[in-house]
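Reviewing the structure listed below.
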Amino acid sequence: DASVWECYAPLLVGARCVMARPGGHQDGRYLAKLIGEEEITALKVVPSLLRMLLDEPTISDATSIRRVFCGGEALTMDLQQKFHARLTAALWNLYGPTETTIDVTFFECKSDTSSDAVPIGRPIGNTEVYILDSELKPISIGVAGELYVGGASLARGYLNRPDLTAEKFIRNPFSNDPDARLYRTGDWVRYRSDGNIMYLGRIDNQVKIRGFRIEPGEIEAVLNQYPGLSQTLITAREEVPGDKGLVAYIVPNTASAPTIPELRSFLKQKLPNYMVPSAYVLLDSLPLTVNGKVDRRALPDPGRSEQQEH
């Protein structure tokens, strides 16, 4: 879906569109070399791919890069900091589902920010966004709710799926136009005090454990504050039928990885007990799909190893 603007945007302003070889997006060394040889000025990548590029020593020599657009996954603060340490280009965090013809919000990342997480920002032109509760009423700053999108870029619905279209593309209660629609993104977000939107995770990724509804993205945001971690991912697994627990997958970015007790102690200081994972798995890297996104289905079973602690 995003390939449409990725290909046509440079052509529309008289620039060249350079395409990597098939499978090249999985080879960081090749991509870094291609960027240098072709003097790439603008780059659109998912965060997982950006991290792979920044791990290449030669990427710092790619002085032609002026701006990098990141989207498709949550952009972590440590990755933003790593970007500004390696490159002098501008970094933009973009957000948008396919149903809204891709990006609908944007945020320019700054190297001097003191925030714990990277916002998805504010809506682009001709786009409306609302954060609503279950009764479709706007909620206050700082309170989490579902993100709804409307405006000129909104799709008309799903082909030959009138039932799904009616469920996801609802009438816009804030418009006098009876044909105006809002798309229910299924994304859990909140407003910051400065008006920028923070992405918290997918509503359908929420889990209920022992009666408590948990958003894994909130745990990841806290865990990412711990020094020495490159990537984190929280998921729920049911090792014993009827007994679901949280698992933390962690990729350290230093030679001396933190211990499980250290991580548990850190989380217990910042989260209630029911949000502290019961199992931890240290990985060299998170598994990726062919599109460069994290492959949750390929995550290893925590099992009964020294990496797991109840």
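In the structure tokens, the first chain shown is A, the next is B, and so on; residue numbers restart at 1 for each chain, and ligands run from 1 in the order shown.
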Who sits within 12 Å of A:Lys208, only C-alpha atoms, same chain under 4 positions skipped, as an mmCIF file with C-alpha atoms, in the first residue's frame:
data_model
loop_
_atom_site.group_PDB
_atom_site.id
_atom_site.type_symbol
_atom_site.label_atom_id
_atom_site.label_comp_id
_atom_site.auth_asym_id
_atom_site.auth_seq_id
_atom_site.Cartn_x
_atom_site.Cartn_y
_atom_site.Cartn_z
ATOM 1 C CA ILE A 203 -6.945 -2.759 20.972
ATOM 2 C CA ASP A 204 -7.038 -6.345 19.714
ATOM 3 C CA PHE A 212 -7.192 -7.343 34.588
ATOM 4 C CA ARG A 213 -7.248 -5.818 31.093
ATOM 5 C CA ILE A 214 -3.659 -5.133 30.016
ATOM 6 C CA GLU A 215 -2.202 -3.168 27.099
ATOM 7 C CA PRO A 216 1.208 -4.729 26.262
ATOM 8 C CA THR A 235 2.977 -10.739 24.528
ATOM 9 C CA ALA A 236 0.611 -13.107 26.331
ATOM 10 C CA ARG A 237 1.054 -16.874 26.126
ATOM 11 C CA GLU A 238 -0.964 -19.707 27.571
ATOM 12 C CA GLY A 242 -6.530 -21.605 31.360
ATOM 13 C CA ASP A 243 -3.386 -19.970 32.779
ATOM 14 C CA LYS A 244 -2.311 -17.059 30.602
ATOM 15 C CA GLY A 245 0.824 -15.067 31.453
ATOM 16 C CA LEU A 246 2.886 -12.187 30.086
ATOM 17 C CA TYR A 274 -0.426 -7.761 37.397
ATOM 18 C CA MET A 275 1.440 -5.899 34.617
#
Per-residue nearest contacts stretch 88-133 of chain A to stretch 55-75 of chain A, cut-off 6 Å, using only C-alpha atoms, as CSV:
residue,atom,partner,partner_atom,distance
A:Ala89,CA,A:Arg66,CA,4.6
A:Ala90,CA,A:Arg67,CA,4.5
A:Leu91,CA,A:Val68,CA,5.0
A:Trp92,CA,A:Phe69,CA,4.9
A:Asn93,CA,A:Cys70,CA,5.0
A:Leu94,CA,A:Gly71,CA,4.9
A:Tyr95,CA,A:Gly71,CA,5.9
Legend entry - Nearest to A:Asp295 by atom-to-atom distance, counting only C-alpha atoms, from A:Ser115, A:Asn196, A:Gln81, A:Ser48: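 Smallest distance to A:Asp295 is found for A:Ser48.
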Legend entry - Interatomic distance (Å, one decimal) between atom CA of A:Lys168 and atom CA of A:Tyr183: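 Value for the atom CA of A:Lys168-atom CA of A:Tyr183 distance: 5.6 Å.
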Legend entry - DSSP strand (DSSP E) selection over stretch 104-309 of chain A, as a PyMOL selection string: chain A and resi 105-109+122-123+127-132+145-151+169-171+181-191+197-202+207-209+212-214+229-240+243-252+279-282
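Here atom CA of A:Ile219 stands at a distance of 9.5 Å from atom CA of A:Lys270.
Distance check against A:Asn291 using only C-alpha atoms: of A:Ala2, A:Ala155, A:Leu132, A:Leu12, the minimum falls on A:Ala2.
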